[in-house]
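What follows is one structure encoded as structure tokens, with my remarks underneath.
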Amino acid sequence: MSATIYVKSSHEESDIVHLVKSAIEAEIARYELALEMASNRLRPFEQKYQVTSEYFIAHLTAEDLDGHDEEYVRWAGEYHLKQRLEQKLQQLREIEYGHPDVLQSPERGD
């Protein structure tokens, strides 16, 4: 599901649209960095146990890990954080930019 952003301003429209796009692109870059960092924190768990994080979540319990509850909570927390980051990143990447004239009513001349 994508979102469309319409910008209407008393300032030069292209300047405002550029500002909004730049802000969203900067947010995308921050999420990409955070996603990379989360993946880097997951890698040692996956290498140690020779399973993906997806397999870990679906099939393993704290008793299956050397560090038991503490290790399980850390791994699961990083995995869930990575999932949330991926979801937010996808939402930001799906944003489209519409032209504000689309929103104007022909009868009212908004």
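Convention: chains lettered A, B, ... in structure tokens order; per-chain residue numbering from 1; ligands numbered from 1 as shown.
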Write down as an MDAnalysis selection string the residues belonging to chain A that are assigned strand (DSSP E or B) by DSSP computed on the backbone.
-> chainID A and resid 4:6 96:98
Could you give me, as a tab-separated table, a per-residue list for stretch 46-104 of chain A showing, wherever an atom lies at most 8 Å from an atom of stretch 27-30 of chain A, the closest pair of atoms and their distance in Å to one decimal, using only C-alpha atoms and sorting by chain then residue number from low to high?
residue	atom	partner	partner_atom	distance
A:Leu89	CA	A:Ile28	CA	6.2
A:Leu92	CA	A:Ile28	CA	6.6
A:Arg93	CA	A:Ile28	CA	7.4
Can you spit out the residues from that selection as an mmCIF file, in the first residue's frame, using N, CA and C atoms?
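The resulting file, part-v5.cif, is reproduced below:
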data_model
loop_
_atom_site.group_PDB
_atom_site.id
_atom_site.type_symbol
_atom_site.label_atom_id
_atom_site.label_comp_id
_atom_site.auth_asym_id
_atom_site.auth_seq_id
_atom_site.Cartn_x
_atom_site.Cartn_y
_atom_site.Cartn_z
ATOM 1 N N LEU A 89 10.962 1.279 6.231
ATOM 2 C CA LEU A 89 11.724 1.597 5.030
ATOM 3 C C LEU A 89 10.881 1.360 3.778
ATOM 4 N N LEU A 92 8.366 4.185 3.414
ATOM 5 C CA LEU A 92 8.973 5.417 2.920
ATOM 6 C C LEU A 92 9.303 5.321 1.429
ATOM 7 N N ARG A 93 9.778 4.165 1.004
ATOM 8 C CA ARG A 93 10.135 3.993 -0.409
ATOM 9 C C ARG A 93 8.915 3.986 -1.327
#
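With only C-alpha atoms as the atoms that count, the minimum distance from A:Glu54 to the choices A:Glu71, A:Glu78, A:Glu36, A:Asp15 is reached by A:Glu78.
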Between A:Glu32, A:Glu46, A:Glu12, A:Glu25, smallest distance to A:Tyr79 by only C-alpha atoms belongs to A:Glu46
Atom-to-atom span, atom CA of A:Trp75 and atom CA of A:Ala34, Å =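 These atoms are spaced 15.9 Å apart.
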Could you name the residues that touch stretch 18-22 of chain A at 10 Å or less, counting only C-alpha atoms, but leaving out those on the same chain fewer than 2 positions away, as a count of residues only?
-> 14
In Å and to one decimal, atom CA of A:Tyr72 is distant from atom CA of A:Gln87 by 22.5 Å
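Distance-wise, atom CA of A:Gln50 and atom CA of A:Asp64 end up 12.7 Å apart.
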From a DSSP pass on the backbone, collect the residues of chain A flagged as helix (DSSP H, G or I) and hand them back as a PyMOL selection string.
-> chain A and resi 13-49+53-59+62-64+68-93+100-103
